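Pasting final29.csv here (CSV, C-alpha atoms):
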chain,number,residue,atom,x,y,z
P,1,MET,CA,13.7,-14.6,-9.4
P,2,ASP,CA,13.4,-13.6,-5.8
P,3,VAL,CA,10.7,-15.4,-3.8
P,4,VAL,CA,9.5,-14.2,-0.4
P,5,HIS,CA,7.4,-16.7,1.5
P,6,VAL,CA,4.6,-15.4,3.8
P,7,PRO,CA,4.3,-18.2,6.4
P,8,LEU,CA,0.6,-18.2,7.5
P,9,GLY,CA,-0.2,-21.8,7.9
P,10,ASP,CA,-2.9,-22.9,5.5
P,11,ARG,CA,-3.0,-19.3,4.2
P,12,ALA,CA,0.7,-19.2,3.3
P,13,TYR,CA,1.8,-17.9,-0.1
P,14,ASP,CA,4.7,-16.8,-2.1
P,15,VAL,CA,5.6,-13.3,-3.4
P,16,GLN,CA,7.5,-13.8,-6.7
P,17,ILE,CA,9.7,-10.8,-7.7
P,18,ASP,CA,11.4,-10.7,-11.1
P,19,ARG,CA,11.4,-9.1,-14.5
P,20,GLY,CA,9.0,-10.5,-17.2
P,21,LEU,CA,6.5,-12.2,-14.9
P,22,LEU,CA,3.5,-11.1,-16.9
P,23,ALA,CA,4.7,-13.5,-19.7
P,24,GLU,CA,4.9,-16.3,-17.1
P,25,ALA,CA,1.6,-15.5,-15.4
P,26,GLY,CA,-0.2,-18.5,-16.8
P,27,ALA,CA,2.5,-21.0,-15.7
P,28,GLN,CA,2.5,-19.5,-12.2
P,29,ILE,CA,-1.2,-19.3,-11.8
P,30,ALA,CA,-2.1,-22.7,-13.4
P,31,PRO,CA,-1.4,-24.8,-10.2
P,32,PHE,CA,-4.1,-22.8,-8.4
P,33,ALA,CA,-6.7,-22.8,-11.1
P,34,SER,CA,-9.5,-25.4,-10.8
P,35,ARG,CA,-10.5,-24.7,-14.4
P,36,PRO,CA,-8.6,-23.0,-17.3
P,37,LYS,CA,-10.1,-19.6,-16.8
P,38,VAL,CA,-9.5,-16.6,-14.5
P,39,TRP,CA,-11.3,-13.3,-14.0
P,40,ILE,CA,-9.2,-10.2,-14.1
P,41,LEU,CA,-10.3,-6.9,-12.5
P,42,THR,CA,-8.1,-3.9,-13.5
P,43,GLU,CA,-8.3,-0.2,-14.3
P,44,GLU,CA,-8.2,1.8,-17.5
P,45,ARG,CA,-4.5,3.0,-17.4
P,46,VAL,CA,-3.2,-0.5,-16.5
P,47,ALA,CA,-5.4,-2.2,-19.1
P,48,ALA,CA,-4.2,0.1,-21.9
P,49,LEU,CA,-0.5,-0.6,-21.0
P,50,HIS,CA,-0.4,-4.2,-19.8
P,51,LEU,CA,-3.7,-6.2,-20.2
P,52,ASP,CA,-2.7,-7.7,-23.5
P,53,ALA,CA,0.6,-8.9,-22.2
P,54,LEU,CA,-1.1,-10.5,-19.2
P,55,THR,CA,-3.8,-12.2,-21.2
P,56,GLN,CA,-1.1,-13.5,-23.6
P,57,GLY,CA,0.9,-14.8,-20.7
P,58,LEU,CA,-2.1,-16.6,-19.4
P,59,ARG,CA,-3.0,-18.0,-22.9
P,60,ALA,CA,0.5,-19.4,-23.3
P,61,SER,CA,-0.5,-21.9,-20.5
P,62,GLY,CA,-3.9,-22.5,-21.9
P,63,ILE,CA,-5.7,-20.2,-19.5
P,64,ASP,CA,-8.6,-18.0,-20.8
P,65,ALA,CA,-9.5,-14.7,-19.1
P,66,ALA,CA,-12.5,-12.4,-18.8
P,67,SER,CA,-11.8,-8.8,-17.7
P,68,LEU,CA,-13.6,-5.9,-16.0
P,69,ILE,CA,-12.0,-2.5,-16.4
P,70,LEU,CA,-12.7,0.1,-13.8
P,71,PRO,CA,-11.8,3.8,-13.6
P,72,PRO,CA,-8.4,4.7,-12.2
P,73,GLY,CA,-7.9,6.7,-9.0
P,74,GLU,CA,-8.6,6.5,-5.3
P,75,SER,CA,-12.3,7.3,-5.7
P,76,THR,CA,-12.7,3.8,-7.2
P,77,LYS,CA,-12.1,2.3,-3.7
P,78,SER,CA,-15.8,3.0,-2.9
P,79,TRP,CA,-19.2,1.3,-2.4
P,80,PRO,CA,-20.4,1.9,-6.0
P,81,HIS,CA,-17.3,0.2,-7.6
P,82,LEU,CA,-17.3,-2.6,-5.0
P,83,GLN,CA,-20.9,-3.3,-6.0
P,84,ARG,CA,-20.0,-3.2,-9.7
P,85,ALA,CA,-17.2,-5.7,-9.1
P,86,ALA,CA,-19.4,-8.0,-7.0
P,87,ASP,CA,-22.2,-7.9,-9.5
P,88,TRP,CA,-19.8,-8.7,-12.3
P,89,LEU,CA,-18.3,-11.7,-10.5
P,90,LEU,CA,-21.9,-13.0,-9.9
P,91,SER,CA,-22.9,-12.4,-13.5
P,92,GLU,CA,-19.8,-14.3,-14.7
P,93,LYS,CA,-20.8,-17.2,-12.5
P,94,VAL,CA,-17.5,-17.2,-10.7
P,95,GLU,CA,-17.4,-20.2,-8.4
P,96,ARG,CA,-15.8,-20.7,-5.0
P,97,ARG,CA,-12.8,-22.7,-6.4
P,98,ASP,CA,-12.1,-20.1,-9.1
P,99,ILE,CA,-9.3,-17.5,-9.2
P,100,VAL,CA,-9.8,-13.8,-9.5
P,101,VAL,CA,-6.8,-11.6,-10.4
P,102,ALA,CA,-6.3,-8.1,-9.0
P,103,PHE,CA,-4.2,-6.4,-11.7
P,104,GLY,CA,-3.3,-2.9,-10.8
P,105,GLY,CA,-2.0,-0.6,-8.1
P,106,GLY,CA,-3.1,-0.4,-4.4
P,107,VAL,CA,-6.6,0.8,-5.2
P,108,ILE,CA,-7.4,-2.2,-7.4
P,109,GLY,CA,-5.6,-4.7,-5.1
P,110,ASP,CA,-7.6,-3.5,-2.1
P,111,LEU,CA,-11.0,-3.3,-3.9
P,112,VAL,CA,-10.6,-6.7,-5.7
P,113,GLY,CA,-9.3,-8.4,-2.6
P,114,PHE,CA,-12.4,-7.2,-0.7
P,115,ALA,CA,-14.7,-8.3,-3.5
P,116,ALA,CA,-13.0,-11.8,-3.4
P,117,ALA,CA,-13.4,-11.9,0.4
P,118,ILE,CA,-17.1,-11.4,0.2
P,119,HIS,CA,-18.0,-13.2,-3.1
P,120,ARG,CA,-19.7,-16.4,-2.1
P,121,ARG,CA,-18.2,-15.8,1.4
P,122,GLY,CA,-14.6,-15.9,0.1
P,123,ILE,CA,-12.8,-17.0,-3.0
P,124,ARG,CA,-9.1,-17.2,-3.9
P,125,PHE,CA,-7.4,-14.3,-5.7
P,126,VAL,CA,-4.0,-13.5,-7.1
P,127,GLN,CA,-2.3,-10.1,-6.8
P,128,ILE,CA,-0.4,-8.8,-9.8
P,129,PRO,CA,0.6,-5.4,-8.5
P,130,THR,CA,1.6,-2.8,-11.2
P,131,SER,CA,2.8,0.1,-9.0
P,132,LEU,CA,5.8,0.3,-6.7
P,133,LEU,CA,3.5,1.1,-3.8
P,134,ALA,CA,1.4,-2.0,-4.4
P,135,GLN,CA,4.5,-4.3,-5.0
P,136,VAL,CA,6.2,-3.3,-1.7
P,137,ASP,CA,3.1,-2.9,0.5
P,138,SER,CA,-0.5,-3.2,-0.3
P,139,SER,CA,-0.4,-6.5,-2.3
P,140,VAL,CA,1.2,-8.3,0.6
P,141,GLY,CA,-0.5,-9.1,4.0
P,142,GLY,CA,-4.1,-9.6,3.1
P,143,LYS,CA,-5.6,-6.2,4.0
P,144,THR,CA,-8.4,-5.4,1.7
P,145,GLY,CA,-11.1,-2.8,1.7
P,146,ILE,CA,-12.7,0.5,0.6
P,147,ASN,CA,-12.9,4.1,1.8
P,148,SER,CA,-15.9,5.9,3.1
P,149,SER,CA,-16.8,9.5,3.8
P,150,HIS,CA,-15.7,8.8,7.4
P,151,GLY,CA,-12.2,7.8,6.5
P,152,LYS,CA,-9.8,5.6,4.6
P,153,ASN,CA,-9.9,1.8,4.6
P,154,LEU,CA,-12.6,1.7,7.4
P,155,ILE,CA,-14.6,-1.0,5.6
P,156,GLY,CA,-12.8,-4.2,4.7
P,157,ALA,CA,-11.6,-7.6,5.6
P,158,PHE,CA,-8.4,-9.6,6.1
P,159,HIS,CA,-8.2,-11.9,3.0
P,160,GLN,CA,-4.8,-13.3,2.0
P,161,PRO,CA,-4.0,-13.8,-1.7
P,162,SER,CA,-2.9,-17.2,-3.0
P,163,LEU,CA,0.0,-15.7,-4.9
P,164,VAL,CA,1.6,-12.4,-5.6
P,165,LEU,CA,3.5,-11.7,-8.9
P,166,ALA,CA,5.6,-8.5,-8.8
P,167,ASP,CA,6.9,-7.9,-12.3
P,168,ILE,CA,9.7,-5.3,-12.0
P,169,ASP,CA,9.4,-4.4,-15.7
P,170,VAL,CA,5.9,-2.8,-15.3
P,171,LEU,CA,7.4,-0.2,-13.0
P,172,GLY,CA,9.1,1.3,-16.1
P,173,THR,CA,5.7,2.5,-17.4
P,174,LEU,CA,4.9,4.5,-14.2
P,175,THR,CA,5.0,8.3,-14.2
P,176,ALA,CA,7.8,9.8,-12.2
P,177,ARG,CA,5.2,11.0,-9.7
P,178,ASP,CA,3.6,7.6,-9.3
P,179,PHE,CA,6.9,5.9,-8.8
P,180,LEU,CA,8.1,8.4,-6.2
P,181,ALA,CA,4.7,8.1,-4.4
P,182,GLY,CA,5.4,4.3,-4.1
P,183,TYR,CA,8.9,5.1,-2.9
P,184,GLY,CA,7.4,6.7,0.1
P,185,GLU,CA,6.4,3.2,1.3
P,186,VAL,CA,9.8,1.8,0.5
P,187,ALA,CA,11.6,4.5,2.6
P,188,LYS,CA,9.0,3.9,5.4
P,189,TYR,CA,10.4,0.3,5.9
P,190,GLY,CA,13.9,1.7,6.5
P,191,MET,CA,12.5,4.3,8.9
P,192,LEU,CA,10.5,1.9,11.0
P,193,GLY,CA,12.8,-1.1,11.4
P,194,ASP,CA,16.0,-1.2,9.4
P,195,ALA,CA,18.4,1.7,9.6
P,196,GLY,CA,20.8,-0.2,7.3
P,197,PHE,CA,18.2,-0.3,4.6
P,198,PHE,CA,17.5,3.4,5.0
P,199,SER,CA,21.2,4.0,4.5
P,200,TRP,CA,21.2,1.8,1.5
P,201,LEU,CA,18.3,3.9,0.1
P,202,GLU,CA,20.2,7.1,0.7
P,203,ASP,CA,23.0,5.7,-1.4
P,204,ASN,CA,20.9,4.0,-4.1
P,205,GLY,CA,17.6,5.8,-4.2
P,206,PRO,CA,18.4,8.2,-7.0
P,207,ALA,CA,19.7,5.4,-9.3
P,208,LEU,CA,16.7,3.3,-8.4
P,209,ALA,CA,14.4,6.1,-9.3
P,210,ALA,CA,16.3,6.7,-12.5
P,211,GLY,CA,15.4,3.1,-13.7
P,212,ASP,CA,18.1,0.7,-12.4
P,213,ALA,CA,16.1,-2.6,-12.6
P,214,ALA,CA,18.4,-4.6,-10.3
P,215,LEU,CA,18.2,-1.9,-7.6
P,216,ARG,CA,14.4,-1.8,-8.0
P,217,GLN,CA,14.2,-5.5,-7.5
P,218,GLU,CA,16.4,-5.4,-4.4
P,219,ALA,CA,14.3,-2.6,-2.9
P,220,VAL,CA,11.1,-4.5,-3.5
P,221,ARG,CA,12.6,-7.7,-2.1
P,222,ARG,CA,13.8,-6.1,1.1
P,223,SER,CA,10.5,-4.2,1.6
P,224,VAL,CA,8.4,-7.3,1.0
P,225,GLN,CA,10.6,-9.5,3.3
P,226,MET,CA,10.2,-6.9,6.1
P,227,LYS,CA,6.4,-6.9,5.7
P,228,ALA,CA,6.2,-10.7,5.4
P,229,ASP,CA,8.2,-11.0,8.7
P,230,ILE,CA,5.9,-8.6,10.5
P,231,VAL,CA,2.6,-10.1,9.0
P,232,ALA,CA,3.8,-13.6,10.1
P,233,ARG,CA,4.0,-12.4,13.7
P,234,ASP,CA,0.8,-10.4,13.7
P,235,GLU,CA,-1.5,-11.1,10.8
P,236,THR,CA,-4.5,-9.1,12.0
P,237,GLU,CA,-2.7,-6.1,13.5
P,238,GLN,CA,-3.0,-6.8,17.2
P,239,GLY,CA,0.6,-5.7,17.9
P,240,ASP,CA,3.7,-5.4,15.7
P,241,ARG,CA,1.8,-5.0,12.4
P,242,ALA,CA,0.7,-1.5,13.5
P,243,LEU,CA,4.3,-0.5,12.9
P,244,LEU,CA,3.7,-0.7,9.2
P,245,ASN,CA,1.4,2.3,9.7
P,246,LEU,CA,4.3,4.7,10.4
P,247,GLY,CA,3.2,8.0,8.9
P,248,HIS,CA,-0.3,6.7,8.1
P,249,THR,CA,-2.2,8.5,10.9
P,250,PHE,CA,-1.2,11.8,9.4
P,251,CYS,CA,-1.5,10.5,5.9
P,252,HIS,CA,-5.1,9.2,6.1
P,253,ALA,CA,-6.3,12.5,7.6
P,254,LEU,CA,-4.6,14.4,4.8
P,255,GLU,CA,-6.1,12.1,2.2
P,256,ALA,CA,-9.6,12.6,3.7
P,257,ALA,CA,-9.0,16.4,3.8
P,258,THR,CA,-8.0,16.4,0.1
P,259,GLY,CA,-11.0,14.3,-0.9
P,260,TYR,CA,-9.0,11.2,-1.9
P,261,SER,CA,-8.0,13.1,-5.0
P,262,ASP,CA,-4.9,13.6,-7.2
P,263,ARG,CA,-4.0,16.5,-5.0
P,264,LEU,CA,-2.3,14.0,-2.7
P,265,LEU,CA,-1.4,10.4,-3.7
P,266,HIS,CA,-1.3,7.8,-0.9
P,267,GLY,CA,2.5,7.4,-1.0
P,268,GLU,CA,3.0,11.1,-1.0
P,269,GLY,CA,0.8,11.3,2.2
P,270,VAL,CA,2.9,8.5,3.7
P,271,ALA,CA,6.1,10.4,3.0
P,272,ILE,CA,4.7,13.6,4.6
P,273,GLY,CA,3.3,11.6,7.4
P,274,CYS,CA,6.6,9.9,8.2
P,275,ALA,CA,8.4,13.3,8.2
P,276,LEU,CA,5.7,14.6,10.7
P,277,ALA,CA,5.9,11.5,12.8
P,278,PHE,CA,9.7,11.9,13.2
P,279,GLU,CA,9.4,15.6,14.0
P,280,LEU,CA,6.7,14.8,16.6
P,281,SER,CA,9.1,12.2,18.0
P,282,ALA,CA,11.9,14.7,18.3
P,283,ARG,CA,9.6,17.3,19.9
P,284,LEU,CA,8.6,14.8,22.5
P,285,GLY,CA,12.3,14.0,23.2
P,286,LEU,CA,12.1,10.5,21.8
P,287,CYS,CA,14.7,10.8,19.1
P,288,ALA,CA,17.5,13.1,18.1
P,289,GLN,CA,16.8,16.3,16.3
P,290,GLU,CA,19.0,15.1,13.5
P,291,ASP,CA,16.6,12.2,12.6
P,292,PRO,CA,13.7,14.2,11.2
P,293,SER,CA,16.2,16.4,9.4
P,294,ARG,CA,17.7,13.3,7.8
P,295,VAL,CA,14.3,12.0,6.8
P,296,ARG,CA,13.4,15.2,5.1
P,297,GLU,CA,16.8,15.5,3.4
P,298,HIS,CA,16.4,12.1,1.8
P,299,LEU,CA,12.8,12.9,0.7
P,300,SER,CA,14.0,16.1,-0.7
P,301,ALA,CA,17.0,14.4,-2.5
P,302,MET,CA,14.4,12.1,-4.1
P,303,GLY,CA,12.3,15.1,-5.2
P,304,MET,CA,9.4,14.0,-3.0
P,305,LYS,CA,6.7,15.8,-1.0
P,306,ARG,CA,7.7,16.1,2.6
P,307,ASP,CA,5.6,18.9,4.2
P,308,LEU,CA,2.1,20.2,4.4
P,309,LYS,CA,3.2,23.2,2.2
P,310,ASP,CA,3.9,20.7,-0.6
P,311,ILE,CA,0.1,19.9,-0.9
P,312,ASP,CA,-1.6,22.1,-3.4
P,313,GLY,CA,-4.9,23.9,-2.4
P,314,PRO,CA,-6.5,24.5,0.9
P,315,LEU,CA,-6.3,22.3,4.0
P,316,PRO,CA,-8.6,22.4,7.1
P,317,ASP,CA,-7.3,23.8,10.4
P,318,ALA,CA,-5.4,21.7,12.9
P,319,GLU,CA,-8.6,20.9,14.9
P,320,ALA,CA,-10.4,19.6,11.8
P,321,LEU,CA,-7.3,17.4,11.0
P,322,LEU,CA,-7.3,16.0,14.5
P,323,GLY,CA,-11.0,15.2,14.1
P,324,LEU,CA,-10.2,13.2,10.9
P,325,MET,CA,-7.4,11.4,12.8
P,326,ALA,CA,-10.0,10.4,15.4
P,327,GLN,CA,-11.6,8.1,12.8
P,328,ASP,CA,-8.3,6.2,12.3
P,329,LYS,CA,-8.5,2.4,12.7
P,330,LYS,CA,-5.8,2.6,15.3
P,331,VAL,CA,-8.1,4.3,17.8
P,332,VAL,CA,-8.5,2.0,20.9
P,333,ASP,CA,-11.0,2.9,23.6
P,334,GLY,CA,-11.3,6.4,22.1
P,335,GLN,CA,-7.5,6.9,22.3
P,336,LEU,CA,-5.5,7.4,19.1
P,337,ARG,CA,-2.3,5.4,18.8
P,338,PHE,CA,0.6,6.8,17.0
P,339,ILE,CA,3.7,5.1,15.5
P,340,LEU,CA,6.6,7.2,16.7
P,341,ALA,CA,10.4,6.6,16.6
P,342,ARG,CA,13.4,6.5,18.9
P,343,GLY,CA,15.5,6.8,15.9
P,344,ILE,CA,15.7,5.8,12.2
P,345,GLY,CA,15.0,2.1,12.2
P,346,ASP,CA,13.4,2.0,15.6
P,347,ALA,CA,9.7,2.7,15.5
P,348,PHE,CA,7.2,1.8,18.2
P,349,VAL,CA,3.4,2.1,18.8
P,350,THR,CA,2.1,4.3,21.6
P,351,GLY,CA,-1.1,5.8,22.9
P,352,ASP,CA,0.7,8.2,25.1
P,353,VAL,CA,0.8,11.2,22.9
P,354,PRO,CA,-0.4,14.6,24.2
P,355,PRO,CA,-3.1,15.9,21.8
P,356,ASP,CA,-1.7,19.4,22.3
P,357,ALA,CA,1.7,18.3,20.9
P,358,VAL,CA,0.0,17.0,17.7
P,359,ARG,CA,-2.1,20.1,17.5
P,360,ALA,CA,0.9,22.4,17.9
P,361,LEU,CA,2.9,20.4,15.2
P,362,LEU,CA,0.0,20.8,12.7
P,363,GLU,CA,-0.5,24.4,13.5
P,364,ASP,CA,3.1,25.2,12.9
P,365,HIS,CA,3.1,23.5,9.6
P,366,LEU,CA,-0.2,25.0,8.5
P,367,ALA,CA,1.2,28.4,9.3
P,368,ASP,CA,4.2,27.7,7.1
P,369,ARG,CA,2.1,27.0,4.0
I'd like the structure from this file rewritten - as structure tokens, please.
Amino acid sequence: MDVVHVPLGDRAYDVQIDRGLLAEAGAQIAPFASRPKVWILTEERVAALHLDALTQGLRASGIDAASLILPPGESTKSWPHLQRAADWLLSEKVERRDIVVAFGGGVIGDLVGFAAAIHRRGIRFVQIPTSLLAQVDSSVGGKTGINSSHGKNLIGAFHQPSLVLADIDVLGTLTARDFLAGYGEVAKYGMLGDAGFFSWLEDNGPALAAGDAALRQEAVRRSVQMKADIVARDETEQGDRALLNLGHTFCHALEAATGYSDRLLHGEGVAIGCALAFELSARLGLCAQEDPSRVREHLSAMGMKRDLKDIDGPLPDAEALLGLMAQDKKVVDGQLRFILARGIGDAFVTGDVPPDAVRALLEDHLADR
């Protein structure tokens, strides 16, 4: 087992990364449980594949479980499903010292974490992420929330989990598209702060995607360690943590433009957003022209989306996309901050980006569709 510690004082916790962790879930959660019962919130696809295994793993340590099964998809990260989750926890008489389990991908992790943050003004929860994206990114760091018609993740709270269990085996049940969407977040870590990791991914990415469990575990470990290090320095995103949003300013606008639908998965938007961020950096003379080419070549080698033309269906014009970006959480004093790069592995945050440069980049790529 790999264990990554997230050192946040009295909110510190471990991320356990290994194969077969669902079977051990009861033994790992038992030290946190005030009584022998937990409350699991999950979604239909995950429940059909893995809920029995999780409940059996809990039962092996004498822990009972109640479950609420929500619909899959980004649209679940919304007011109606937050209310459904909150009402269920109240109807189940979940107490302040109890444990709620977020069992699913990033959507479930964000929604359930937010429900835990507001239930009785905050209860403990355990993340058991079932997608690559959730294992390497959204389950770690305590960001929770829902989307609104105004933009993605604009309503939420920082609420750290008590434990994260990343079972590498469950990644084997993901569709190829879902796995590669999560890989967009993995590649992001190399692009933003570890050129050596990006080179490692160039060498090992295809085998990792093909199912090599040891490589998958190493990719998750390195990604989680990078995020843990950044979160420890900047828990509430006042500085360094914004680096983790490389590609996300473009991504969130594109997700809003496509209605948070299956037209564009979050990790696909991250991959496209990273490619656009590197191209914008090159256009502004911040990095070599070879860097955005290298990013796109790796995404292409992995069979991933990398450009606006890879998104099916219509997109709004550049001005409308800029308007969606203006709702981004990284706006400060009305000025949008971008994460740009001086090279692969060397990202930085800046508010000094000419809007005309962003507009021209979007217009060029929209014209290429």
Atom pair atom CA of P:Tyr183 / atom CA of P:Leu308: separation (Å): 18.1 Å
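The shortest atom-to-atom distance to P:Pro7, with only C-alpha atoms taken into account, belongs to P:Gly141 out of P:Gly259, P:Gly273, P:Pro355, P:Gly141.
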Calculate how many Å separate atom CA of P:Ser139 from atom CA of P:Pro161, rounding to one decimal. 8.2 Å
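Note that the spacing between atom CA of P:Lys309 and atom CA of P:Met325 amounts to 19.1 Å.
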Name all residues at most 6 Å from P:Gly247 (count all atoms listed in the file; drop same-chain ones fewer than 4 positions away) and give them as a ChimeraX atom specification. /P:270,273-274,277
Applying 9 Å and all atoms listed in the file, which residues near P:Ala256 remain after dropping the ones on its own chain fewer than 3 positions away? List them as an mmCIF file with C-alpha atoms, in the coordinates of the input.
data_model
loop_
_atom_site.group_PDB
_atom_site.id
_atom_site.type_symbol
_atom_site.label_atom_id
_atom_site.label_comp_id
_atom_site.auth_asym_id
_atom_site.auth_seq_id
_atom_site.Cartn_x
_atom_site.Cartn_y
_atom_site.Cartn_z
ATOM 1 C CA SER P 149 -16.800 9.500 3.800
ATOM 2 C CA HIS P 150 -15.700 8.800 7.400
ATOM 3 C CA GLY P 151 -12.200 7.800 6.500
ATOM 4 C CA LYS P 152 -9.800 5.600 4.600
ATOM 5 C CA CYS P 251 -1.500 10.500 5.900
ATOM 6 C CA HIS P 252 -5.100 9.200 6.100
ATOM 7 C CA ALA P 253 -6.300 12.500 7.600
ATOM 8 C CA GLY P 259 -11.000 14.300 -0.900
ATOM 9 C CA TYR P 260 -9.000 11.200 -1.900
ATOM 10 C CA SER P 261 -8.000 13.100 -5.000
ATOM 11 C CA LEU P 324 -10.200 13.200 10.900
#
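The smallest atom-to-atom distance between P:Lys305 and any of P:Ala181, P:Leu336, P:Ala195, P:Ala209, using all atoms listed in the file, is found for P:Ala181.
Minimum atom-to-atom distance to P:Arg263, evaluated using all atoms listed in the file, belongs to P:Gly73 out of P:Gly73, P:Gly57, P:Gly184, P:Pro354.
Between P:Cys287 and the residues P:Asp229, P:Asp87, P:Glu24, P:Asp346, the shortest atom-to-atom distance, using all atoms listed in the file, involves P:Asp346.
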P:Ala318, P:Leu286, P:Ala66, P:Val140 ranked by distance to P:Val231, top pick (using only C-alpha atoms): P:Val140
In the coordinates of the file, take the point (-0.8, 14.7, -6.1) and a cut-off of 8 Å; then, counting only C-alpha atoms, name each qualifying protein, DNA or RNA residue as an MDAnalysis selection string. chainID P and resid 177 261:265 268 311:312
From the list P:Leu315, P:Leu165, P:Met191, P:Ala207, which residue is nearest P:Leu366 when using all atoms listed in the file? P:Leu315
Excluding stretch 112-124 of chain P and residues on its chain fewer than 4 positions from it, collect all residues at most 9 Å away from it, counting only C-alpha atoms, and give them as a ChimeraX atom specification. /P:32,41-42,82-83,85-86,89-90,94-103,107-108,142-146,156-162
Scan for residues within 7 Å of the point (0.7, 1.2, -8.2) in the coordinates of the file, using only C-alpha atoms, and reply as a PyMOL selection string. chain P and resi 104-106+129-134+182
Which residues are close to stretch 211-216 of chain P, i.e. within 8 Å by only C-alpha atoms, leaving aside same-chain residues fewer than 4 positions away? Reply as a PDB file with C-alpha atoms, keeping the file's coordinate frame.
ATOM      1  CA  ILE P 168       9.700  -5.300 -12.000  1.00  0.00           C
ATOM      2  CA  ASP P 169       9.400  -4.400 -15.700  1.00  0.00           C
ATOM      3  CA  GLY P 172       9.100   1.300 -16.100  1.00  0.00           C
ATOM      4  CA  ASN P 204      20.900   4.000  -4.100  1.00  0.00           C
ATOM      5  CA  ALA P 207      19.700   5.400  -9.300  1.00  0.00           C
ATOM      6  CA  VAL P 220      11.100  -4.500  -3.500  1.00  0.00           C
TER       7      VAL P 220
END
Please list as a PyMOL selection string every residue within 9 Å of stretch 197-200 of chain P, counting only C-alpha atoms and excluding residues in the same chain fewer than 2 positions away. chain P and resi 187-191+193-195+202-205+219+222+344-345
